[in-house]
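Structure below is my_file_8.cif: mmCIF, C-alpha atoms and all ligand atoms.
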data_my_file
loop_
_atom_site.label_atom_id
_atom_site.label_comp_id
_atom_site.auth_asym_id
_atom_site.auth_seq_id
_atom_site.Cartn_x
_atom_site.Cartn_y
_atom_site.Cartn_z
CA MET A 103 0.00 0.00 0.00
CA LYS A 104 1.37 3.42 -0.98
CA ILE A 105 0.37 6.45 1.09
CA VAL A 106 1.11 10.11 0.37
CA ILE A 107 1.20 12.87 3.00
CA THR A 108 1.21 16.42 1.62
CA GLY A 109 2.72 18.89 4.08
CA GLY A 110 4.64 15.82 5.22
CA TYR A 111 7.39 17.79 6.95
CA GLY A 112 4.97 20.10 8.75
CA PHE A 113 4.08 19.56 12.39
CA LEU A 114 1.19 17.11 11.90
CA GLY A 115 2.71 15.57 8.76
CA GLN A 116 5.85 14.44 10.59
CA MET A 117 3.86 13.10 13.54
CA LEU A 118 1.53 11.24 11.20
CA ALA A 119 4.39 9.75 9.16
CA LYS A 120 6.10 8.47 12.33
CA LYS A 121 2.85 6.99 13.61
CA LEU A 122 2.19 5.24 10.27
CA LEU A 123 5.74 3.84 10.30
CA GLU A 124 5.07 2.54 13.81
CA ILE A 125 1.69 0.90 13.12
CA GLY A 126 2.61 -0.19 9.58
CA LYS A 127 -0.95 -0.85 8.41
CA LEU A 128 -4.08 0.94 7.19
CA VAL A 129 -7.50 -0.23 6.03
CA ASP A 130 -7.60 -0.30 2.23
CA ARG A 131 -10.47 0.54 -0.15
CA ASN A 132 -11.88 -3.00 0.24
CA GLY A 133 -11.98 -2.84 4.04
CA ASP A 134 -8.88 -5.04 4.53
CA LEU A 135 -6.06 -4.13 6.90
CA LYS A 136 -3.02 -3.91 4.60
CA THR A 137 0.68 -3.33 5.15
CA ILE A 138 1.98 0.10 4.16
CA ASP A 139 4.90 -0.51 1.78
CA ASN A 140 5.74 3.09 1.04
CA ILE A 141 5.05 6.47 2.64
CA ILE A 142 5.71 9.51 0.44
CA LEU A 143 6.18 12.84 2.20
CA ILE A 144 5.60 15.88 0.02
CA ASP A 145 6.73 19.28 1.22
CA GLN A 146 8.35 22.44 -0.07
CA ILE A 147 10.75 22.66 2.86
CA GLU A 148 13.66 20.25 3.08
CA PRO A 149 14.21 19.44 6.76
CA LYS A 150 17.63 19.13 8.40
CA ASN A 151 16.76 15.60 9.49
CA PRO A 152 14.64 13.77 6.91
CA ILE A 153 12.58 10.93 8.37
CA LYS A 154 14.14 7.50 7.79
CA GLY A 155 12.02 4.81 6.12
CA VAL A 156 9.96 7.18 3.95
CA THR A 157 10.38 8.65 0.47
CA SER A 158 10.58 12.45 0.44
CA ILE A 159 9.60 14.61 -2.52
CA PHE A 160 10.31 18.33 -2.27
CA GLY A 161 8.45 20.86 -4.41
CA ASP A 162 5.64 23.37 -4.56
CA ILE A 163 2.19 21.78 -4.69
CA SER A 164 0.78 24.94 -6.22
CA ASP A 165 2.83 24.27 -9.35
CA PRO A 166 0.05 22.88 -11.61
CA GLN A 167 2.30 20.09 -12.94
CA PHE A 168 3.59 19.00 -9.53
CA PHE A 169 1.12 16.23 -8.75
CA ASP A 170 1.45 14.63 -12.21
CA GLN A 171 4.86 13.37 -11.12
CA ALA A 172 4.45 13.13 -7.35
CA ILE A 173 1.26 11.03 -7.37
CA THR A 174 2.03 7.85 -9.28
CA ASP A 175 -0.59 5.36 -10.50
CA ASP A 176 0.06 2.97 -7.59
CA VAL A 177 -0.95 5.50 -4.87
CA ASP A 178 -3.70 4.12 -2.61
CA GLY A 179 -4.38 7.04 -0.32
CA VAL A 180 -3.51 10.63 0.53
CA PHE A 181 -3.51 12.66 3.72
CA HIS A 182 -3.75 16.21 2.39
CA LEU A 183 -2.24 18.37 5.15
CA ALA A 184 -0.21 20.99 3.22
CA ALA A 185 -1.65 24.45 3.75
CA ILE A 186 -1.00 28.11 4.29
CA VAL A 187 -2.22 28.51 7.88
CA SER A 188 -4.73 31.08 9.14
CA SER A 189 -2.87 34.36 9.75
CA ALA A 190 -0.61 33.77 6.74
CA ALA A 191 -3.63 33.09 4.46
CA GLU A 192 -5.31 36.23 5.81
CA ALA A 193 -2.16 38.31 5.14
CA ASP A 194 -1.53 36.94 1.63
CA PHE A 195 -4.84 36.23 -0.10
CA ASP A 196 -3.28 35.11 -3.40
CA LEU A 197 -0.89 32.65 -1.76
CA GLY A 198 -3.72 31.18 0.33
CA MET A 199 -5.90 30.73 -2.77
CA LYS A 200 -3.04 29.13 -4.71
CA VAL A 201 -2.04 26.61 -2.06
CA ASN A 202 -5.22 26.01 -0.06
CA LEU A 203 -7.67 26.00 -2.95
CA ASP A 204 -6.02 25.66 -6.39
CA ALA A 205 -3.51 23.00 -5.30
CA THR A 206 -6.27 21.03 -3.55
CA ARG A 207 -8.18 20.93 -6.82
CA GLU A 208 -5.02 19.90 -8.74
CA LEU A 209 -4.47 17.08 -6.25
CA LEU A 210 -8.05 15.84 -6.64
CA GLU A 211 -7.80 16.06 -10.43
CA ARG A 212 -4.67 13.91 -10.37
CA CYS A 213 -6.32 11.41 -8.00
CA ARG A 214 -9.36 11.29 -10.28
CA LYS A 215 -7.12 9.81 -12.97
CA LEU A 216 -5.74 7.02 -10.76
CA PRO A 217 -6.64 3.48 -11.87
CA ASN A 218 -7.94 2.66 -8.37
CA LYS A 219 -10.10 5.05 -6.34
CA ALA A 220 -7.93 6.71 -3.68
CA LYS A 221 -8.98 7.41 -0.11
CA ILE A 222 -8.24 11.07 0.65
CA VAL A 223 -8.29 12.61 4.13
CA PHE A 224 -8.45 16.41 4.06
CA SER A 225 -7.50 18.42 7.16
CA SER A 226 -10.14 21.10 7.41
CA SER A 227 -10.56 23.36 10.43
CA VAL A 228 -13.07 24.88 12.85
CA ALA A 229 -12.12 28.13 11.09
CA VAL A 230 -14.85 27.26 8.54
CA PHE A 231 -17.24 28.67 11.16
CA GLY A 232 -17.71 32.37 11.82
CA ASN A 233 -19.84 34.12 14.45
CA THR A 234 -21.50 30.87 15.42
CA PRO A 235 -24.34 30.22 17.87
CA PRO A 236 -23.13 29.40 21.44
CA ILE A 237 -23.13 25.67 20.65
CA VAL A 238 -22.25 24.45 17.14
CA GLU A 239 -24.17 21.34 16.08
CA ASP A 240 -23.34 18.94 13.23
CA ASP A 241 -25.71 20.82 10.94
CA THR A 242 -24.73 24.39 11.91
CA PRO A 243 -23.99 26.26 8.66
CA ALA A 244 -20.33 27.09 8.15
CA LEU A 245 -20.03 30.78 7.26
CA PRO A 246 -16.33 31.59 7.50
CA LEU A 247 -15.02 35.01 8.40
CA SER A 248 -11.46 34.54 7.19
CA SER A 249 -9.72 33.74 3.90
CA TYR A 250 -8.35 30.54 5.48
CA GLY A 251 -11.83 29.42 6.62
CA MET A 252 -13.26 30.18 3.17
CA GLN A 253 -10.45 28.19 1.48
CA LYS A 254 -10.97 25.25 3.85
CA ILE A 255 -14.71 25.08 3.24
CA LEU A 256 -14.17 25.21 -0.52
CA GLY A 257 -11.73 22.31 -0.05
CA GLU A 258 -14.50 20.43 1.81
CA TYR A 259 -16.92 21.08 -1.06
CA LEU A 260 -14.38 19.71 -3.54
CA ILE A 261 -13.85 16.59 -1.40
CA SER A 262 -17.62 16.04 -1.20
CA GLU A 263 -18.27 16.64 -4.89
CA TYR A 264 -15.38 14.49 -6.18
CA THR A 265 -16.66 11.74 -3.87
CA ARG A 266 -20.26 12.12 -5.05
CA LYS A 267 -19.01 11.81 -8.64
CA ASN A 268 -17.19 8.61 -7.60
CA TYR A 269 -13.77 10.02 -8.59
CA ILE A 270 -12.26 9.58 -5.10
CA ASP A 271 -13.25 8.34 -1.64
CA GLY A 272 -12.87 11.61 0.25
CA ARG A 273 -13.16 12.49 3.93
CA ALA A 274 -12.79 15.93 5.51
CA VAL A 275 -12.16 16.38 9.23
CA ARG A 276 -12.55 19.77 10.87
CA LEU A 277 -9.65 19.89 13.30
CA PRO A 278 -9.94 21.80 16.57
CA THR A 279 -7.06 24.09 17.57
CA ILE A 280 -4.08 21.95 18.51
CA ALA A 281 -2.70 22.29 22.02
CA ILE A 282 0.10 21.99 22.87
CA ARG A 283 2.26 22.15 19.78
CA PRO A 284 6.06 21.87 20.36
CA GLY A 285 8.65 24.05 18.63
CA LYS A 286 8.41 27.69 17.74
CA PRO A 287 5.31 29.88 17.21
CA ASN A 288 3.96 29.64 13.65
CA LYS A 289 1.72 31.83 11.47
CA ALA A 290 -1.54 30.30 12.67
CA ALA A 291 -3.74 32.81 14.52
CA SER A 292 -4.10 30.07 17.15
CA SER A 293 -0.33 29.80 17.65
CA PHE A 294 -0.57 31.60 21.03
CA VAL A 295 -2.71 28.73 22.42
CA SER A 296 0.42 26.61 22.51
CA SER A 297 2.89 29.46 23.22
CA ILE A 298 1.25 30.59 26.47
CA ILE A 299 1.79 27.11 27.94
CA ARG A 300 4.92 25.91 26.11
CA GLU A 301 7.13 28.99 26.59
CA PRO A 302 6.50 29.47 30.36
CA LEU A 303 7.14 25.73 30.93
CA MET A 304 10.56 26.36 29.35
CA GLY A 305 11.13 29.54 31.38
CA GLU A 306 10.49 31.84 28.41
CA LYS A 307 8.13 34.77 27.87
CA ALA A 308 4.94 34.38 25.81
CA ILE A 309 2.52 36.90 24.34
CA CYS A 310 -1.22 36.47 24.88
CA PRO A 311 -2.89 38.41 22.02
CA VAL A 312 -6.52 37.76 23.06
CA ASP A 313 -8.69 38.42 26.10
CA ARG A 314 -8.22 35.77 28.77
CA SER A 315 -11.97 35.07 28.76
CA GLN A 316 -11.67 33.84 25.13
CA SER A 317 -13.06 30.32 24.82
CA LEU A 318 -11.34 27.74 22.64
CA TRP A 319 -12.08 24.33 21.10
CA ILE A 320 -8.91 22.24 21.42
CA GLN A 321 -7.42 18.77 21.07
CA SER A 322 -3.95 17.35 21.70
CA PRO A 323 -1.57 16.47 18.84
CA SER A 324 -1.58 12.73 19.61
CA VAL A 325 -5.39 12.52 19.59
CA ILE A 326 -5.53 14.51 16.33
CA ILE A 327 -3.16 12.00 14.73
CA GLU A 328 -5.30 9.11 16.00
CA ASN A 329 -8.34 10.80 14.50
CA LEU A 330 -6.70 11.41 11.11
CA ILE A 331 -5.86 7.70 10.94
CA HIS A 332 -9.37 6.76 12.07
CA ALA A 333 -10.82 9.02 9.34
CA TYR A 334 -8.79 7.03 6.82
CA ASN A 335 -9.60 3.60 8.22
CA LEU A 336 -13.38 4.07 8.26
CA SER A 337 -15.09 2.55 5.23
CA HIS A 338 -16.92 4.45 2.50
CA GLN A 339 -20.18 3.21 4.05
CA ASP A 340 -19.16 4.36 7.56
CA TRP A 341 -18.90 7.88 6.14
CA GLY A 342 -22.11 7.54 4.19
CA ASN A 343 -23.27 9.55 1.21
CA GLU A 344 -24.94 12.38 3.08
CA SER A 345 -21.85 14.15 4.37
CA ARG A 346 -18.15 13.60 3.85
CA VAL A 347 -17.28 16.22 6.49
CA VAL A 348 -17.17 15.89 10.26
CA ASN A 349 -16.57 18.24 13.20
CA LEU A 350 -14.00 16.43 15.34
CA PRO A 351 -14.56 16.21 19.09
CA GLY A 352 -12.62 18.63 21.27
CA LEU A 353 -12.45 20.20 24.71
CA THR A 354 -13.87 23.59 25.56
CA THR A 355 -11.62 25.75 27.66
CA THR A 356 -10.77 29.41 28.13
CA VAL A 357 -7.38 31.08 28.06
CA ALA A 358 -7.80 31.81 31.79
CA GLU A 359 -8.50 28.13 32.56
CA MET A 360 -5.45 27.06 30.57
CA ILE A 361 -3.27 29.51 32.48
CA SER A 362 -4.64 28.26 35.80
CA SER A 363 -3.82 24.68 34.75
CA LEU A 364 -0.31 25.83 33.79
CA GLN A 365 0.12 27.16 37.34
CA THR A 366 -0.79 23.78 38.85
CA HIS A 367 1.95 22.24 36.68
CA ASP A 368 4.57 24.64 38.09
CA GLY A 369 4.57 26.90 35.03
CA ASN A 370 5.59 30.50 35.72
CA THR A 371 2.41 32.36 34.67
CA SER A 372 4.05 35.79 35.19
CA LEU A 373 5.93 35.12 31.93
CA ILE A 374 2.63 35.54 29.99
CA ILE A 375 2.34 39.09 28.72
CA ASP A 376 -1.07 40.38 27.60
CA GLN A 377 -0.60 42.24 24.34
CA PRO A 378 -3.94 42.47 22.48
CA ASP A 379 -3.74 41.96 18.71
CA GLU A 380 -6.84 43.08 16.85
CA THR A 381 -6.48 40.77 13.83
CA ILE A 382 -5.76 37.64 15.88
CA SER A 383 -8.56 38.44 18.36
CA ARG A 384 -11.05 38.93 15.53
CA LEU A 385 -10.12 35.63 13.84
CA VAL A 386 -10.10 33.59 17.05
CA LYS A 387 -13.37 35.15 18.27
CA SER A 388 -15.11 34.06 15.06
CA TRP A 389 -14.30 30.37 15.76
CA PRO A 390 -16.61 28.18 17.88
CA GLY A 391 -15.75 27.50 21.52
CA VAL A 392 -18.27 24.68 21.97
CA ILE A 393 -19.17 22.00 19.42
CA ASN A 394 -21.61 19.18 20.02
CA ALA A 395 -19.68 16.66 17.92
CA LYS A 396 -22.40 13.99 17.99
CA ARG A 397 -21.67 12.46 14.60
CA ALA A 398 -17.92 12.24 15.28
CA HIS A 399 -18.55 10.42 18.58
CA MET A 400 -20.92 8.02 16.81
CA MET A 401 -18.26 7.37 14.16
CA GLY A 402 -15.72 6.52 16.88
CA PHE A 403 -13.48 9.62 16.80
CA LYS A 404 -11.53 10.22 20.03
CA ASN A 405 -11.18 13.11 22.47
CA ASN A 406 -8.94 14.22 25.33
CA ASP A 407 -10.21 13.85 28.90
CA ASN A 408 -9.17 17.25 30.22
CA PHE A 409 -6.66 20.05 29.73
CA ASP A 410 -4.41 18.84 32.57
CA SER A 411 -3.74 15.62 30.65
CA MET A 412 -2.85 17.69 27.57
CA ILE A 413 -0.21 19.65 29.52
CA GLU A 414 1.08 16.38 30.95
CA GLU A 415 1.37 14.89 27.43
CA PHE A 416 3.48 17.89 26.40
CA ILE A 417 5.71 17.73 29.52
CA ASP A 418 6.25 13.97 29.12
CA GLN A 419 7.10 14.18 25.42
CA HIS A 420 9.00 17.45 25.17
CA ILE A 421 10.28 18.57 28.58
CA SER A 422 10.92 15.56 30.81
N1 LIG A 501 -2.26 23.04 13.90
C1 LIG A 501 -3.55 23.34 14.10
O1 LIG A 501 -3.95 23.85 15.17
C2 LIG A 501 -4.56 23.08 12.99
C3 LIG A 501 -5.87 23.29 13.27
C4 LIG A 501 -6.80 23.08 12.28
C5 LIG A 501 -6.39 22.63 11.03
N2 LIG A 501 -5.08 22.44 10.77
C6 LIG A 501 -4.68 21.99 9.43
O2 LIG A 501 -3.87 20.83 9.54
C7 LIG A 501 -2.90 20.81 8.50
C8 LIG A 501 -1.52 20.62 9.05
O3 LIG A 501 -1.27 21.62 10.02
P1 LIG A 501 0.17 21.80 10.67
O4 LIG A 501 -0.07 22.40 12.00
O5 LIG A 501 0.97 20.56 10.54
O6 LIG A 501 0.76 22.93 9.70
P2 LIG A 501 2.28 23.20 9.31
O7 LIG A 501 2.34 24.63 8.86
O8 LIG A 501 3.21 22.77 10.39
O9 LIG A 501 2.50 22.24 8.07
C9 LIG A 501 2.05 22.53 6.79
C10 LIG A 501 3.12 22.07 5.82
O10 LIG A 501 2.67 22.35 4.49
C11 LIG A 501 3.81 22.72 3.73
N3 LIG A 501 3.41 23.53 2.58
C12 LIG A 501 2.82 24.75 2.62
N4 LIG A 501 2.70 25.23 1.36
C13 LIG A 501 3.22 24.29 0.52
C14 LIG A 501 3.40 24.22 -0.87
N5 LIG A 501 3.02 25.22 -1.68
N6 LIG A 501 3.97 23.12 -1.39
C15 LIG A 501 4.37 22.10 -0.60
N7 LIG A 501 4.24 22.11 0.76
C16 LIG A 501 3.68 23.20 1.31
C17 LIG A 501 4.66 23.54 4.69
O11 LIG A 501 6.00 23.60 4.25
C18 LIG A 501 4.46 22.78 6.00
O12 LIG A 501 5.51 21.85 6.21
C19 LIG A 501 -3.10 22.10 7.71
O13 LIG A 501 -3.91 21.81 6.60
C20 LIG A 501 -3.83 23.00 8.68
O14 LIG A 501 -4.61 23.93 8.00
C21 LIG A 501 -4.15 22.63 11.73
#
Any chance you could give the structure as structure tokens?
Amino acid sequence: MKIVITGGYGFLGQMLAKKLLEIGKLVDRNGDLKTIDNIILIDQIEPKNPIKGVTSIFGDISDPQFFDQAITDDVDGVFHLAAIVSSAAEADFDLGMKVNLDATRELLERCRKLPNKAKIVFSSSVAVFGNTPPIVEDDTPALPLSSYGMQKILGEYLISEYTRKNYIDGRAVRLPTIAIRPGKPNKAASSFVSSIIREPLMGEKAICPVDRSQSLWIQSPSVIIENLIHAYNLSHQDWGNESRVVNLPGLTTTVAEMISSLQTHDGNTSLIIDQPDETISRLVKSWPGVINAKRAHMMGFKNNDNFDSMIEEFIDQHIS
């Protein structure tokens, strides 16, 4: 079985590749658990330490010819994770359109021509919602208030339509904000959600650009990876014909509650500096803080128990 991960050297892409190497199997288009023979990581950035045991292809997915070579006829499935993240897509509309929308269509067009129908998991986001009711339900309309959210929902529509036409077997998962992400801050508007915990745990300062009463819908990196794999392993029938999109489960918390949990884990909360940022506050405020993810629970997607366990996961994996 040959699996492609676009954005393969990004944060989730690397975690997913390592997890797939570890488990070694996925459920194929016929519902059989099959050995993964080859994992192809596609990214535009060449890392200092390429992952061993995978094939890496470096290039720009927004080059219209790129996928003709990168996706060969023997590809069984794709995790499409490459994207221009929220603040960056808001700052550069054309780049966001090229990578998040045009390249997604090019990828689906290439997959449409494959001899065997490919399973495709698309990482969408809660950013497809804007100014939502207090609790988002499975059928709450997604009316994005950001370029990124608009590009993600158009990606979902493409996944659904190419699946309806029987060109691919697509699945789109709306990821909550990820907490706590290791490494450096990135250009996601939600980057502070990780920074305000990660940096103080390492004795460094962090900026909090939103009001501390801001509520958030979050999930830990390891559970997100489990859910991406689960989205792939479910059968075409498990997804059904009605909707190829699901709101993943998550935890509702506020910035203040996260900071209080940091304190109980010996984090120095005085290192968090409140520095309101209008653009980030506006984007984050437009995302839902509470989602009743009924369908995802019924389909067997996982969730974290509480925020304390998410901090502990980060400390175990990146600090201890
Ligand atoms: N991290 C989160 O909180 C979160 C939340 C919701 C959704 N998502 C989605 O999950 C996916 C993965 O997120 P992540 O946190 O790993 O992001 P990331 O920024 O760490 O990784 C994205 C990768 O895509 C690559 N990429 C970007 N443009 C490219 C291009 N033109 N050609 C080739 N590669 C390109 C980047 O080099 C990067 O390695 C994205 O689609 C993102 O929108 C993430």
Please build the interface table for segment 273-335 of chain A against segment 185-188 of chain A with a cut-off of 8 Å, listing for each qualifying residue the nearest atom pair and the distance in Å to one decimal; count only C-alpha atoms, order rows by chain and increasing number, and write it as JSON lines.
{"residue": "A:Lys289", "atom": "CA", "partner": "A:Val187", "partner_atom": "CA", "distance": 6.3}
{"residue": "A:Ala290", "atom": "CA", "partner": "A:Ser188", "partner_atom": "CA", "distance": 4.8}
{"residue": "A:Ala291", "atom": "CA", "partner": "A:Ser188", "partner_atom": "CA", "distance": 5.7}
*Can you tell me, as a PyMOL selection string, what residues are no more than 12 Å from Ala395 of chain A when counting only C-alpha atoms, ignoring any on the same chain fewer than 2 positions away?*
chain A and resi 228+237-242+275-278+319+347-354+390+392-393+397-405
_Nearest residue to Phe231 of chain A from the set A:Ser324, A:Ser248, A:Ser158, A:Asn140 (distances using all atoms listed in the file)_ =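 Checking each candidate against Phe231 of chain A, we get A:Ser248 as the closest.
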What are the closest atom pairs, with distances in Å to one decimal, for each residue of chain A lying within 6 Å of ligand LIG 501 (chain A), using all atoms listed in the file, rows by chain and rising residue number, as JSON lines?
{"residue": "A:Gly109", "atom": "CA", "partner": "A:LIG501", "partner_atom": "O10", "distance": 3.5}
{"residue": "A:Tyr111", "atom": "CA", "partner": "A:LIG501", "partner_atom": "O12", "distance": 4.5}
{"residue": "A:Gly112", "atom": "CA", "partner": "A:LIG501", "partner_atom": "O12", "distance": 3.1}
{"residue": "A:Phe113", "atom": "CA", "partner": "A:LIG501", "partner_atom": "O5", "distance": 3.8}
{"residue": "A:Leu114", "atom": "CA", "partner": "A:LIG501", "partner_atom": "O5", "distance": 3.7}
{"residue": "A:Gly115", "atom": "CA", "partner": "A:LIG501", "partner_atom": "O5", "distance": 5.6}
{"residue": "A:Asp145", "atom": "CA", "partner": "A:LIG501", "partner_atom": "N7", "distance": 3.8}
{"residue": "A:Gln146", "atom": "CA", "partner": "A:LIG501", "partner_atom": "C15", "distance": 4.0}
{"residue": "A:Ile147", "atom": "CA", "partner": "A:LIG501", "partner_atom": "O11", "distance": 5.0}
{"residue": "A:Gly161", "atom": "CA", "partner": "A:LIG501", "partner_atom": "C15", "distance": 5.7}
{"residue": "A:Asp162", "atom": "CA", "partner": "A:LIG501", "partner_atom": "N6", "distance": 3.6}
{"residue": "A:Ile163", "atom": "CA", "partner": "A:LIG501", "partner_atom": "N6", "distance": 4.0}
{"residue": "A:Ser164", "atom": "CA", "partner": "A:LIG501", "partner_atom": "N5", "distance": 5.1}
{"residue": "A:Leu183", "atom": "CA", "partner": "A:LIG501", "partner_atom": "O13", "distance": 4.1}
{"residue": "A:Ala184", "atom": "CA", "partner": "A:LIG501", "partner_atom": "O10", "distance": 3.4}
{"residue": "A:Ala185", "atom": "CA", "partner": "A:LIG501", "partner_atom": "O13", "distance": 4.5}
{"residue": "A:Ile186", "atom": "CA", "partner": "A:LIG501", "partner_atom": "C12", "distance": 5.4}
{"residue": "A:Val187", "atom": "CA", "partner": "A:LIG501", "partner_atom": "O14", "distance": 5.2}
{"residue": "A:Val201", "atom": "CA", "partner": "A:LIG501", "partner_atom": "N5", "distance": 5.3}
{"residue": "A:Ser225", "atom": "CA", "partner": "A:LIG501", "partner_atom": "O2", "distance": 5.0}
{"residue": "A:Ser226", "atom": "CA", "partner": "A:LIG501", "partner_atom": "C5", "distance": 5.4}
{"residue": "A:Ser227", "atom": "CA", "partner": "A:LIG501", "partner_atom": "C4", "distance": 4.2}
{"residue": "A:Leu277", "atom": "CA", "partner": "A:LIG501", "partner_atom": "C4", "distance": 4.4}
{"residue": "A:Pro278", "atom": "CA", "partner": "A:LIG501", "partner_atom": "C3", "distance": 5.4}
{"residue": "A:Thr279", "atom": "CA", "partner": "A:LIG501", "partner_atom": "O1", "distance": 3.9}
{"residue": "A:Ile280", "atom": "CA", "partner": "A:LIG501", "partner_atom": "O1", "distance": 3.8}
_Neighbour residues at most 10 Å from (-2.2, 28.3, -5.2) (all atoms listed in the file) as a ChimeraX atom specification_ = /A:162-166,185-186,195-208
*Between atom CA of Arg300 of chain A and atom CA of Leu318 of chain A, measure the distance and give it in Å to one decimal.*
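Going from atom CA of Arg300 of chain A over to atom CA of Leu318 of chain A covers 16.7 Å.
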*8 Å contact set for Ile382 of chain A, all atoms listed in the file, chain neighbours under 5 positions out, as a PyMOL selection string*: chain A and resi 189+291-292+311-312
*Find the residues near Thr355 of chain A: any atom within 10 Å, counting only C-alpha atoms, skip ones fewer than 6 places away on the same chain, and give them as a list in words.*
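Residues meeting the cut-off are Ser315, Gln316, Ser317, Leu318, Trp319, Ile320, Gly391, Val392, Asn408 and Phe409 of chain A.
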